[in-house]
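Trainee: Have a peek at model_26.cif (mmCIF, C-alpha atoms).
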```cif
data_work
#
loop_
_atom_site.label_atom_id
_atom_site.label_comp_id
_atom_site.auth_asym_id
_atom_site.auth_seq_id
_atom_site.Cartn_x
_atom_site.Cartn_y
_atom_site.Cartn_z
CA MET A 1 3.53 5.88 -7.61
CA ILE A 2 7.03 4.50 -7.03
CA SER A 3 7.50 1.04 -8.53
CA ASN A 4 10.18 -1.52 -9.29
CA ILE A 5 8.85 -4.23 -11.60
CA GLU A 6 10.23 -7.18 -13.54
CA GLY A 7 8.70 -9.36 -16.24
CA ILE A 8 5.67 -7.12 -16.88
CA SER A 9 5.11 -5.35 -20.21
CA LEU A 10 2.30 -3.16 -21.55
CA LEU A 11 0.07 -4.58 -24.28
CA ASP A 12 -1.86 -1.34 -24.83
CA GLU A 13 -1.02 2.24 -23.98
CA LEU A 14 -1.95 3.31 -20.46
CA ARG A 15 -5.32 5.09 -20.32
CA PHE A 16 -6.21 7.36 -17.46
CA ARG A 17 -8.75 10.00 -16.47
CA ARG A 18 -8.77 12.56 -13.70
CA TRP A 19 -11.86 13.09 -11.56
CA ASN A 20 -12.54 15.51 -8.70
CA THR A 21 -11.61 13.01 -6.00
CA ALA A 22 -9.61 10.35 -7.86
CA ILE A 23 -7.54 9.34 -10.86
CA THR A 24 -8.38 6.11 -12.70
CA ASP A 25 -5.72 4.16 -14.67
CA LEU A 26 -6.54 1.26 -17.00
CA TRP A 27 -3.71 -1.24 -17.49
CA HIS A 28 -3.48 -4.14 -19.95
CA VAL A 29 -0.24 -6.07 -19.36
CA GLU A 30 1.50 -9.32 -20.20
CA CYS A 31 3.26 -11.10 -17.32
CA GLU A 32 6.10 -13.60 -17.52
CA GLN A 33 6.51 -16.54 -15.16
CA SER A 34 7.30 -15.19 -11.64
CA ALA A 35 6.88 -11.57 -12.74
CA GLY A 36 6.16 -8.98 -10.07
CA GLY A 37 7.40 -5.92 -8.29
CA THR A 38 7.24 -3.63 -5.30
CA TYR A 39 5.19 -0.44 -5.14
CA VAL A 40 4.58 2.59 -2.95
CA SER A 41 1.63 4.84 -3.78
CA ARG A 42 1.57 8.46 -2.66
CA ALA A 43 -2.24 8.26 -2.46
CA PRO A 44 -4.64 5.58 -1.17
CA LEU A 45 -4.89 3.01 -3.95
CA LEU A 46 -7.58 0.53 -4.99
CA VAL A 47 -6.55 -2.08 -7.56
CA ALA A 48 -9.33 -4.05 -9.27
CA ILE A 49 -8.56 -7.14 -11.39
CA LEU A 50 -10.83 -6.97 -14.45
CA ASP A 51 -9.56 -9.92 -16.49
CA CYS A 52 -6.94 -12.60 -15.93
CA ILE A 53 -6.15 -14.85 -18.92
CA GLY A 54 -3.83 -17.76 -18.18
CA ASN A 55 -3.26 -20.45 -15.58
CA THR A 56 -1.88 -18.21 -12.89
CA ARG A 57 -2.31 -16.77 -9.44
CA VAL A 58 -1.62 -13.23 -8.24
CA ASN A 59 0.13 -13.03 -4.88
CA VAL A 60 -0.07 -9.61 -3.17
CA ARG A 61 1.39 -8.81 0.24
CA THR A 62 2.33 -5.90 2.46
CA PRO A 63 5.85 -6.54 3.83
CA GLY A 64 6.02 -6.53 7.61
CA ASN A 65 2.23 -6.56 7.81
CA CYS A 66 -0.16 -9.39 8.54
CA LEU A 67 -1.90 -9.38 5.16
CA THR A 68 -1.19 -11.68 2.23
CA ALA A 69 -3.64 -12.64 -0.51
CA THR A 70 -3.22 -15.14 -3.33
CA GLU A 71 -5.96 -15.13 -5.95
CA ARG A 72 -6.39 -16.17 -9.55
CA LYS A 73 -9.89 -14.98 -10.32
CA GLN A 74 -11.08 -11.73 -11.81
CA GLY A 75 -13.06 -9.43 -9.57
CA CYS A 76 -10.49 -9.38 -6.76
CA LEU A 77 -9.90 -6.03 -5.09
CA TYR A 78 -6.80 -4.80 -3.26
CA TYR A 79 -6.81 -1.63 -1.17
CA ILE A 80 -3.45 -0.17 -0.06
CA PRO A 81 -3.17 2.94 2.18
CA ALA A 82 -1.00 5.86 1.09
CA GLY A 83 2.71 5.35 1.68
CA MET A 84 2.46 1.63 2.46
CA GLU A 85 4.86 -0.54 0.48
CA PHE A 86 3.33 -3.62 -1.11
CA SER A 87 4.54 -6.30 -3.50
CA SER A 88 3.03 -8.52 -6.16
CA GLU A 89 4.12 -11.83 -7.66
CA ILE A 90 2.55 -13.40 -10.72
CA LEU A 91 2.71 -17.19 -10.37
CA GLY A 92 2.45 -18.22 -14.02
CA GLU A 93 2.34 -16.54 -17.43
CA CYS A 94 -0.79 -14.51 -18.05
CA ARG A 95 -2.40 -11.39 -19.42
CA LEU A 96 -3.94 -9.04 -16.89
CA ARG A 97 -6.29 -6.12 -17.22
CA HIS A 98 -6.72 -4.05 -14.08
CA LEU A 99 -8.06 -0.67 -13.05
CA ASP A 100 -6.22 1.41 -10.46
CA ILE A 101 -8.08 4.13 -8.55
CA HIS A 102 -5.87 6.70 -6.78
CA LEU A 103 -7.90 8.61 -4.18
CA ASP A 104 -7.38 12.29 -3.37
CA VAL A 105 -7.89 12.47 0.41
CA SER A 106 -8.13 16.29 0.58
CA ALA A 107 -10.77 16.35 -2.14
CA LEU A 108 -12.63 13.51 -0.43
CA GLU A 109 -12.72 15.44 2.85
CA ASN A 110 -14.24 18.43 1.06
CA SER A 111 -16.76 16.48 -1.00
CA MET A 112 -17.86 14.14 1.80
CA GLU A 113 -17.63 16.83 4.49
CA ASN A 114 -15.15 14.66 6.40
CA THR A 115 -17.86 12.15 7.31
CA PHE A 116 -15.76 9.02 6.64
CA ASP A 117 -13.65 7.14 9.14
CA ARG A 118 -9.98 7.88 8.45
CA GLN A 119 -9.00 4.58 10.09
CA ILE A 120 -10.59 2.81 7.12
CA LEU A 121 -8.26 4.76 4.81
CA GLU A 122 -5.27 3.54 6.81
CA THR A 123 -6.26 -0.16 6.88
CA PRO A 124 -5.10 -2.39 3.98
CA ARG A 125 -7.52 -4.94 2.53
CA LEU A 126 -6.19 -7.61 0.16
CA GLY A 127 -8.07 -10.01 -2.09
CA PHE A 128 -11.59 -9.00 -1.10
CA CYS A 129 -14.68 -8.86 -3.29
CA ASP A 130 -17.51 -6.34 -3.18
CA PRO A 131 -20.20 -6.71 -5.88
CA ARG A 132 -21.09 -3.00 -5.67
CA ILE A 133 -17.51 -1.87 -6.18
CA ASN A 134 -16.91 -4.42 -8.93
CA SER A 135 -19.94 -3.19 -10.87
CA ILE A 136 -18.78 0.42 -10.65
CA VAL A 137 -15.21 -0.51 -11.57
CA ARG A 138 -16.46 -2.16 -14.77
CA LEU A 139 -18.33 0.98 -15.78
CA LEU A 140 -15.30 3.19 -15.14
CA ALA A 141 -13.07 0.80 -17.09
CA ASP A 142 -15.51 0.77 -20.02
CA ASP A 143 -15.36 4.57 -20.09
CA LEU A 144 -11.57 4.46 -20.47
CA GLU A 145 -11.69 1.52 -22.91
CA HIS A 146 -13.99 3.40 -25.27
CA GLY A 147 -12.09 6.69 -25.29
CA MET A 148 -13.71 8.44 -22.31
CA THR A 149 -17.08 8.94 -23.98
CA GLY A 150 -19.03 9.25 -20.72
CA SER A 151 -19.88 12.66 -19.36
CA GLN A 152 -17.93 14.14 -16.47
CA MET A 153 -21.06 14.21 -14.30
CA TYR A 154 -21.72 10.52 -14.98
CA GLY A 155 -18.16 9.57 -14.10
CA GLU A 156 -18.07 11.71 -10.96
CA GLY A 157 -21.22 9.97 -9.78
CA LEU A 158 -19.58 6.57 -10.28
CA VAL A 159 -16.44 7.61 -8.40
CA THR A 160 -18.52 8.99 -5.53
CA ALA A 161 -20.53 5.77 -5.30
CA LEU A 162 -17.36 3.65 -5.39
CA THR A 163 -15.69 5.72 -2.68
CA ALA A 164 -18.76 5.58 -0.46
CA ALA A 165 -18.85 1.78 -0.76
CA LEU A 166 -15.12 1.45 -0.10
CA LEU A 167 -15.16 3.69 2.96
CA GLN A 168 -18.34 2.27 4.46
CA PRO A 169 -17.65 1.25 8.09
CA ALA A 170 -18.09 -2.35 9.15
CA PRO A 171 -21.46 -3.08 10.82
CA THR A 172 -21.47 -2.05 14.48
CA ASN A 173 -22.76 -5.49 15.50
CA GLU A 174 -19.79 -7.24 13.87
CA PRO A 175 -18.06 -9.32 16.55
CA GLN A 176 -14.59 -8.11 17.52
CA ARG A 177 -11.85 -10.66 18.05
CA LYS A 178 -10.06 -10.29 21.34
CA ARG A 179 -6.36 -9.83 20.77
CA GLY A 180 -3.46 -10.66 23.03
CA LYS A 181 -0.19 -8.81 23.44
CA LEU A 182 3.41 -9.83 23.01
CA SER A 183 5.37 -10.69 26.13
CA PRO A 184 8.13 -8.17 27.04
CA HIS A 185 10.74 -10.74 25.98
CA HIS A 186 9.14 -11.32 22.55
CA LEU A 187 8.61 -7.60 22.03
CA ARG A 188 12.25 -6.76 22.75
CA LYS A 189 13.46 -9.63 20.57
CA THR A 190 11.25 -8.48 17.70
CA VAL A 191 12.12 -4.80 18.01
CA ASP A 192 15.86 -5.55 18.13
CA TYR A 193 15.55 -7.71 15.00
CA ILE A 194 13.61 -5.02 13.11
CA GLU A 195 16.07 -2.30 14.05
CA GLN A 196 19.09 -4.43 13.08
CA ASN A 197 17.57 -5.36 9.69
CA CYS A 198 15.47 -2.31 8.89
CA GLY A 199 17.49 -1.48 5.77
CA ARG A 200 15.93 -4.40 3.86
CA THR A 201 12.43 -5.76 3.47
CA ILE A 202 11.63 -7.91 6.50
CA ARG A 203 9.08 -10.65 5.86
CA LEU A 204 6.34 -11.25 8.38
CA ASP A 205 7.20 -14.94 8.65
CA GLU A 206 10.71 -13.98 9.85
CA LEU A 207 9.26 -12.03 12.76
CA ALA A 208 6.64 -14.64 13.59
CA GLN A 209 9.32 -17.35 13.76
CA LEU A 210 11.23 -15.30 16.36
CA THR A 211 8.28 -15.62 18.73
CA GLY A 212 6.96 -19.04 17.74
CA LEU A 213 3.56 -17.51 16.89
CA SER A 214 1.48 -17.74 13.73
CA GLN A 215 1.84 -14.82 11.33
CA SER A 216 -1.70 -13.57 11.82
CA TYR A 217 -1.56 -13.79 15.63
CA PHE A 218 1.88 -12.19 15.76
CA CYS A 219 0.78 -9.27 13.60
CA SER A 220 -2.30 -8.65 15.73
CA ALA A 221 -0.32 -8.98 18.97
CA PHE A 222 2.42 -6.62 17.76
CA ARG A 223 -0.13 -3.97 16.79
CA GLU A 224 -1.97 -4.41 20.09
CA THR A 225 1.29 -4.03 22.04
CA THR A 226 2.89 -1.14 20.13
CA GLY A 227 -0.08 0.61 18.54
CA MET A 228 1.31 0.10 15.04
CA PRO A 229 1.92 -2.77 12.57
CA PRO A 230 5.45 -4.18 12.14
CA GLN A 231 5.85 -2.44 8.78
CA GLN A 232 5.28 0.97 10.36
CA TRP A 233 7.76 0.18 13.13
CA GLN A 234 10.32 -0.68 10.47
CA MET A 235 9.76 2.68 8.77
CA LYS A 236 10.30 4.38 12.13
CA ALA A 237 13.56 2.44 12.57
CA ARG A 238 14.71 3.50 9.10
CA VAL A 239 14.07 7.14 9.96
CA GLU A 240 16.11 6.83 13.16
CA ARG A 241 18.96 5.27 11.22
CA ALA A 242 18.68 8.04 8.63
CA LYS A 243 19.03 10.63 11.39
CA SER A 244 22.38 9.10 12.39
CA LEU A 245 23.63 9.35 8.80
CA LEU A 246 22.29 12.90 8.39
CA LYS A 247 24.62 14.06 11.14
CA ASP A 248 27.41 13.74 8.56
CA ALA A 249 26.88 16.90 6.53
CA ASP A 250 28.86 15.52 3.58
CA THR A 251 26.60 12.51 2.94
CA PRO A 252 24.10 13.31 0.12
CA LEU A 253 20.43 12.77 0.91
CA ALA A 254 20.12 10.32 -1.99
CA THR A 255 22.91 8.22 -0.47
CA VAL A 256 21.23 8.29 2.94
CA ALA A 257 17.98 7.09 1.35
CA LEU A 258 19.61 4.08 -0.29
CA ARG A 259 21.64 3.14 2.78
CA VAL A 260 18.57 2.91 5.00
CA GLY A 261 16.45 0.99 2.50
CA PHE A 262 14.31 3.61 0.75
CA ALA A 263 13.72 3.51 -3.00
CA ASP A 264 15.03 7.04 -3.52
CA GLN A 265 15.36 10.47 -1.90
CA ALA A 266 11.70 11.33 -2.51
CA HIS A 267 10.59 8.17 -0.68
CA LEU A 268 12.88 9.02 2.24
CA THR A 269 11.56 12.58 2.40
CA ARG A 270 7.91 11.50 2.38
CA VAL A 271 8.31 8.92 5.16
CA PHE A 272 10.69 11.12 7.17
CA ARG A 273 8.23 14.03 7.10
CA LYS A 274 5.35 11.77 8.15
CA ILE A 275 7.24 10.35 11.13
CA ALA A 276 9.53 13.21 12.19
CA GLY A 277 7.31 16.12 11.17
CA THR A 278 9.97 17.74 9.00
CA THR A 279 12.13 16.97 5.96
CA PRO A 280 15.57 15.31 6.16
CA GLY A 281 17.22 18.47 4.85
CA ALA A 282 15.53 20.70 7.42
CA TRP A 283 16.32 18.24 10.22
CA ARG A 284 19.98 18.21 9.19
CA LYS A 285 20.17 22.02 9.20
CA GLU A 286 18.76 22.10 12.74
CA GLN A 287 21.59 19.83 13.92
CA PHE A 288 24.24 22.26 12.67
CA ALA A 289 22.46 25.48 13.64
#
```
In structure tokens, what does this structure look like?
Mentor:
Amino acid sequence: MISNIEGISLLDELRFRRWNTAITDLWHVECEQSAGGTYVSRAPLLVAILDCIGNTRVNVRTPGNCLTATERKQGCLYYIPAGMEFSSEILGECRLRHLDIHLDVSALENSMENTFDRQILETPRLGFCDPRINSIVRLLADDLEHGMTGSQMYGEGLVTALTAALLQPAPTNEPQRKRGKLSPHHLRKTVDYIEQNCGRTIRLDELAQLTGLSQSYFCSAFRETTGMPPQQWQMKARVERAKSLLKDADTPLATVALRVGFADQAHLTRVFRKIAGTTPGAWRKEQFA
């Protein structure tokens, strides 16, 4: 997990446990007014709010994506796909206890015989509530709270049940909303704006204002037109800008990463490999071969 946080401090030591298909972390933190941060998880991540003490709200969003959730009640769940940047803002002083579940996709494929829909793994869900998942989360948190007294078999069963509930497809009879596409003019205007500003976090409302559309409609229309959400298009633009800088053999990779908006060299390498199919260093060597 790559994170950049402000105004958040630990009240108890972090407790974690490794399972066959996941790692669970139990956090107990104190948050100042307007505390928050940005995060990128290397693995699919489920965050479950166990307790929230204080008059506050938790605002979670995925930059450049159509999802934003503001909640203040315990029991809220937030699912973030691997590699997707997301941010949190605590609107008021509070104490939070939350459980994070980091999923191991390779282990899941082996244990579930690849029977789950990978599109579900790649779709963020913010501020939802599932009684089944919440019940399991409580049991896993209690195990960590009491010094991991539960047996490995018991815990593995809980993780398996949680994963199955999380990755359960939506009912086939669920109505699908018909989505429109962006006009060529709006698409070009949006793409130009993303590429010119890709080195910083671009808010969804900025892009929606360019087209005069609502945020939710714009996000759906952009995905329908391009096949990807705005946030993914921004990552692609950052990689293209990184390629231009990599053509200068004297520019360190860490410098390239910062100039194009990545948190560090490791973040650049992970996104670059996913989009370009190779590492920045290997791509640079090919240019001078």
Trainee: Could you give me, as a PyMOL selection string, the residues within 8 Å of A:Met84, counting only C-alpha atoms and dropping anything in the same chain fewer than 6 positions from it?
Mentor: chain A and resi 40-41+62
Trainee: Excluding A:Ala276 and residues on its chain fewer than 6 positions from it, collect all residues at most 9 Å away from it, counting all atoms listed in the file, and give them as a list in words.
Mentor: Lys236, Val239 and Trp283 of chain A
Trainee: What does the distance between atom CA of A:Leu108 and atom CA of A:Leu162 come to in Å, to one decimal place?
Mentor: 12.0 Å
Trainee: Could you list the residues chosen by the PyMOL selection byres ((chain A and resi 143) around 12) in this structure as a PyMOL selection string?
Mentor: chain A and resi 15-17+24-26+99+136-142+144-152+154-156+158
Trainee: Using only C-alpha atoms, which of the listed residues (A:Thr251, A:Thr211, A:Gln196, A:Asn20) sits closest to A:His102?
Mentor: A:Asn20
Trainee: Evaluate the PyMOL selection byres ((chain A and resi 86-93) around 8) and record the selected residues as a VMD selection string, following the chain and residue labels used in the document.
Mentor: chain A and resid 30 to 40 54 to 63 80 84 to 85 94 to 95
Trainee: So that I can see what lies close to A:Ala208, please list as a PyMOL selection string the residues with an atom at most 10 Å from it, counting only C-alpha atoms and leaving out residues fewer than 4 positions away in the same chain.
Mentor: chain A and resi 66+186+190+203-204+212-219+222
Trainee: Using only C-alpha atoms, please write the residues we just selected to a file, as a compact mmCIF listing (two decimals), in the frame of the given file.
Mentor:
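The resulting file, selection-v3.txt, is shown below:
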```
# COMPACT_ATOMS: atom_id res chain seq x y z
CA CYS A 66 -0.16 -9.39 8.54
CA HIS A 186 9.14 -11.32 22.55
CA THR A 190 11.25 -8.48 17.70
CA ARG A 203 9.08 -10.65 5.86
CA LEU A 204 6.34 -11.25 8.38
CA GLY A 212 6.96 -19.04 17.74
CA LEU A 213 3.56 -17.51 16.89
CA SER A 214 1.48 -17.74 13.73
CA GLN A 215 1.84 -14.82 11.33
CA SER A 216 -1.70 -13.57 11.82
CA TYR A 217 -1.56 -13.79 15.63
CA PHE A 218 1.88 -12.19 15.76
CA CYS A 219 0.78 -9.27 13.60
CA PHE A 222 2.42 -6.62 17.76
```
Trainee: On this structure, the PyMOL selection byres ((chain A and resi 27) around 8) would catch which residues? List them as a ChimeraX atom specification, sorted by chain and number.
Mentor: /A:10,12-15,25-26,28-29,96-100
Trainee: What is the atom CA of A:Ala48 to atom CA of A:Cys129 distance in Å?
Mentor: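 So the answer is 9.4 Å.
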Trainee: With distances taken over only C-alpha atoms, which of A:Asp104, A:Asp248, A:Gly261, A:Pro184 is nearest to A:Asn197?
Mentor: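 For A:Asn197, the nearest of the given residues is A:Gly261.
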Trainee: For A:Arg284, list every protein, DNA or RNA residue within 10 Å, evaluated using only C-alpha atoms, and leave out those in the same chain fewer than 3 positions away; present the list as a PyMOL selection string.
Mentor: chain A and resi 243-249+253+279-281+287-289
Trainee: Can you report as JSON the centre and edge lengths in Å, to one decimal, of an axis-aligned box around the listed atoms of stretch 267-271 of chain A padded with 5 Å on each side?
Mentor:
```
{"center_x": 10.4, "center_y": 10.4, "center_z": 2.2, "size_x": 15.0, "size_y": 14.4, "size_z": 15.8}
```
Trainee: What separation in Å, quoted to one decimal, exists between atom CA of A:Ala22 and atom CA of A:Gly127?
Mentor: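 Distance reported for this atom pair: 21.2 Å.
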Trainee: Using all atoms listed in the file, what residues lie at most 7 Å away from (-6.8, 3.2, 2.5) (file coordinates), given as an NGL selection string?
Mentor: :A and (44-45 or 79-82 or 120-124)
Trainee: Nearest residue to A:Arg188 out of A:Leu126, A:Leu210, A:Met228, A:Ile49, using only C-alpha atoms?
Mentor: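 Closest to A:Arg188, using only C-alpha atoms: A:Leu210.
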Trainee: I'd like the contact shell of A:Val191 - 12 Å cut-off, all atoms listed in the file, skipping same-chain residues fewer than 6 positions apart - returned as an MDAnalysis selection string.
Mentor: chainID A and resid 182 184:185 197:198 202 207 210:211 222 225:226 229:234 236:237
Trainee: Which residue gives the smallest distance to A:Thr21 among A:Ile8, A:Cys52, A:Leu46, A:Ile101, with all atoms listed in the file counted?
Mentor: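 Of A:Ile8, A:Cys52, A:Leu46, A:Ile101, the one nearest A:Thr21 is A:Ile101, counting all atoms listed in the file.
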Trainee: Just need stretch 196-230 of chain A in a file, please: N, CA and C atoms, as a PDB file, in the first residue's frame.
Mentor:
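Contents of the output file result-v2.pdb:
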```
ATOM      1  N   GLN A 196      -3.190  17.459 -20.938  1.00  0.00           N
ATOM      2  CA  GLN A 196      -2.467  18.666 -20.544  1.00  0.00           C
ATOM      3  C   GLN A 196      -2.259  18.747 -19.029  1.00  0.00           C
ATOM      4  N   ASN A 197      -3.141  18.094 -18.259  1.00  0.00           N
ATOM      5  CA  ASN A 197      -3.094  18.202 -16.795  1.00  0.00           C
ATOM      6  C   ASN A 197      -2.849  16.868 -16.102  1.00  0.00           C
ATOM      7  N   CYS A 198      -2.352  15.887 -16.844  1.00  0.00           N
ATOM      8  CA  CYS A 198      -2.263  14.530 -16.298  1.00  0.00           C
ATOM      9  C   CYS A 198      -1.265  14.406 -15.150  1.00  0.00           C
ATOM     10  N   GLY A 199      -0.373  15.376 -14.985  1.00  0.00           N
ATOM     11  CA  GLY A 199       0.620  15.289 -13.922  1.00  0.00           C
ATOM     12  C   GLY A 199       0.079  15.590 -12.536  1.00  0.00           C
ATOM     13  N   ARG A 200      -1.175  16.005 -12.432  1.00  0.00           N
ATOM     14  CA  ARG A 200      -1.809  16.250 -11.128  1.00  0.00           C
ATOM     15  C   ARG A 200      -3.121  15.482 -11.062  1.00  0.00           C
ATOM     16  N   THR A 201      -3.692  15.418  -9.880  1.00  0.00           N
ATOM     17  CA  THR A 201      -4.988  14.762  -9.726  1.00  0.00           C
ATOM     18  C   THR A 201      -6.074  15.630 -10.354  1.00  0.00           C
ATOM     19  N   ILE A 202      -6.801  15.077 -11.294  1.00  0.00           N
ATOM     20  CA  ILE A 202      -7.882  15.794 -11.968  1.00  0.00           C
ATOM     21  C   ILE A 202      -9.207  15.347 -11.359  1.00  0.00           C
ATOM     22  N   ARG A 203      -9.960  16.288 -10.829  1.00  0.00           N
ATOM     23  CA  ARG A 203     -11.244  15.961 -10.220  1.00  0.00           C
ATOM     24  C   ARG A 203     -12.300  15.708 -11.297  1.00  0.00           C
ATOM     25  N   LEU A 204     -13.232  14.842 -10.968  1.00  0.00           N
ATOM     26  CA  LEU A 204     -14.283  14.517 -11.920  1.00  0.00           C
ATOM     27  C   LEU A 204     -15.136  15.734 -12.248  1.00  0.00           C
ATOM     28  N   ASP A 205     -15.378  16.600 -11.257  1.00  0.00           N
ATOM     29  CA  ASP A 205     -16.222  17.759 -11.521  1.00  0.00           C
ATOM     30  C   ASP A 205     -15.580  18.711 -12.533  1.00  0.00           C
ATOM     31  N   GLU A 206     -14.228  18.744 -12.585  1.00  0.00           N
ATOM     32  CA  GLU A 206     -13.549  19.557 -13.596  1.00  0.00           C
ATOM     33  C   GLU A 206     -13.918  19.078 -15.003  1.00  0.00           C
ATOM     34  N   LEU A 207     -13.863  17.775 -15.195  1.00  0.00           N
ATOM     35  CA  LEU A 207     -14.129  17.206 -16.517  1.00  0.00           C
ATOM     36  C   LEU A 207     -15.602  17.350 -16.884  1.00  0.00           C
ATOM     37  N   ALA A 208     -16.474  17.135 -15.898  1.00  0.00           N
ATOM     38  CA  ALA A 208     -17.906  17.249 -16.177  1.00  0.00           C
ATOM     39  C   ALA A 208     -18.268  18.678 -16.584  1.00  0.00           C
ATOM     40  N   GLN A 209     -17.635  19.663 -15.948  1.00  0.00           N
ATOM     41  CA  GLN A 209     -17.918  21.064 -16.273  1.00  0.00           C
ATOM     42  C   GLN A 209     -17.508  21.404 -17.708  1.00  0.00           C
ATOM     43  N   LEU A 210     -16.472  20.733 -18.219  1.00  0.00           N
ATOM     44  CA  LEU A 210     -16.047  20.991 -19.598  1.00  0.00           C
ATOM     45  C   LEU A 210     -17.153  20.668 -20.601  1.00  0.00           C
ATOM     46  N   THR A 211     -17.961  19.677 -20.257  1.00  0.00           N
ATOM     47  CA  THR A 211     -18.993  19.200 -21.187  1.00  0.00           C
ATOM     48  C   THR A 211     -20.396  19.678 -20.826  1.00  0.00           C
ATOM     49  N   GLY A 212     -20.542  20.257 -19.634  1.00  0.00           N
ATOM     50  CA  GLY A 212     -21.861  20.697 -19.199  1.00  0.00           C
ATOM     51  C   GLY A 212     -22.755  19.556 -18.760  1.00  0.00           C
ATOM     52  N   LEU A 213     -22.154  18.390 -18.466  1.00  0.00           N
ATOM     53  CA  LEU A 213     -22.921  17.214 -18.046  1.00  0.00           C
ATOM     54  C   LEU A 213     -22.786  17.009 -16.548  1.00  0.00           C
ATOM     55  N   SER A 214     -23.682  16.230 -15.966  1.00  0.00           N
ATOM     56  CA  SER A 214     -23.536  15.858 -14.561  1.00  0.00           C
ATOM     57  C   SER A 214     -22.351  14.923 -14.424  1.00  0.00           C
ATOM     58  N   GLN A 215     -21.796  14.826 -13.215  1.00  0.00           N
ATOM     59  CA  GLN A 215     -20.624  13.979 -13.011  1.00  0.00           C
ATOM     60  C   GLN A 215     -20.923  12.519 -13.321  1.00  0.00           C
ATOM     61  N   SER A 216     -22.061  12.028 -12.835  1.00  0.00           N
ATOM     62  CA  SER A 216     -22.374  10.614 -13.038  1.00  0.00           C
ATOM     63  C   SER A 216     -22.596  10.308 -14.512  1.00  0.00           C
ATOM     64  N   TYR A 217     -23.329  11.207 -15.219  1.00  0.00           N
ATOM     65  CA  TYR A 217     -23.579  10.946 -16.644  1.00  0.00           C
ATOM     66  C   TYR A 217     -22.290  11.052 -17.434  1.00  0.00           C
ATOM     67  N   PHE A 218     -21.465  12.061 -17.115  1.00  0.00           N
ATOM     68  CA  PHE A 218     -20.201  12.217 -17.833  1.00  0.00           C
ATOM     69  C   PHE A 218     -19.325  10.972 -17.683  1.00  0.00           C
ATOM     70  N   CYS A 219     -19.217  10.484 -16.452  1.00  0.00           N
ATOM     71  CA  CYS A 219     -18.358   9.315 -16.210  1.00  0.00           C
ATOM     72  C   CYS A 219     -18.834   8.107 -17.010  1.00  0.00           C
ATOM     73  N   SER A 220     -20.153   7.884 -16.999  1.00  0.00           N
ATOM     74  CA  SER A 220     -20.713   6.761 -17.756  1.00  0.00           C
ATOM     75  C   SER A 220     -20.498   6.945 -19.255  1.00  0.00           C
ATOM     76  N   ALA A 221     -20.709   8.177 -19.740  1.00  0.00           N
ATOM     77  CA  ALA A 221     -20.556   8.443 -21.172  1.00  0.00           C
ATOM     78  C   ALA A 221     -19.102   8.318 -21.614  1.00  0.00           C
ATOM     79  N   PHE A 222     -18.180   8.762 -20.763  1.00  0.00           N
ATOM     80  CA  PHE A 222     -16.755   8.653 -21.108  1.00  0.00           C
ATOM     81  C   PHE A 222     -16.345   7.183 -21.212  1.00  0.00           C
ATOM     82  N   ARG A 223     -16.778   6.391 -20.230  1.00  0.00           N
ATOM     83  CA  ARG A 223     -16.444   4.961 -20.261  1.00  0.00           C
ATOM     84  C   ARG A 223     -17.072   4.281 -21.477  1.00  0.00           C
ATOM     85  N   GLU A 224     -18.313   4.652 -21.792  1.00  0.00           N
ATOM     86  CA  GLU A 224     -19.000   4.054 -22.933  1.00  0.00           C
ATOM     87  C   GLU A 224     -18.302   4.416 -24.247  1.00  0.00           C
ATOM     88  N   THR A 225     -17.752   5.633 -24.310  1.00  0.00           N
ATOM     89  CA  THR A 225     -17.109   6.105 -25.537  1.00  0.00           C
ATOM     90  C   THR A 225     -15.708   5.547 -25.717  1.00  0.00           C
ATOM     91  N   THR A 226     -14.942   5.489 -24.616  1.00  0.00           N
ATOM     92  CA  THR A 226     -13.517   5.118 -24.706  1.00  0.00           C
ATOM     93  C   THR A 226     -13.218   3.700 -24.240  1.00  0.00           C
ATOM     94  N   GLY A 227     -14.156   3.099 -23.516  1.00  0.00           N
ATOM     95  CA  GLY A 227     -13.907   1.762 -22.986  1.00  0.00           C
ATOM     96  C   GLY A 227     -13.166   1.768 -21.671  1.00  0.00           C
ATOM     97  N   MET A 228     -12.931   2.943 -21.098  1.00  0.00           N
ATOM     98  CA  MET A 228     -12.232   3.024 -19.815  1.00  0.00           C
ATOM     99  C   MET A 228     -12.698   4.261 -19.059  1.00  0.00           C
ATOM    100  N   PRO A 229     -12.576   4.266 -17.711  1.00  0.00           N
ATOM    101  CA  PRO A 229     -12.959   5.451 -16.936  1.00  0.00           C
ATOM    102  C   PRO A 229     -11.930   6.563 -17.116  1.00  0.00           C
ATOM    103  N   PRO A 230     -12.292   7.805 -16.782  1.00  0.00           N
ATOM    104  CA  PRO A 230     -11.349   8.922 -16.932  1.00  0.00           C
ATOM    105  C   PRO A 230     -10.042   8.713 -16.178  1.00  0.00           C
TER     106      PRO A 230
END
```
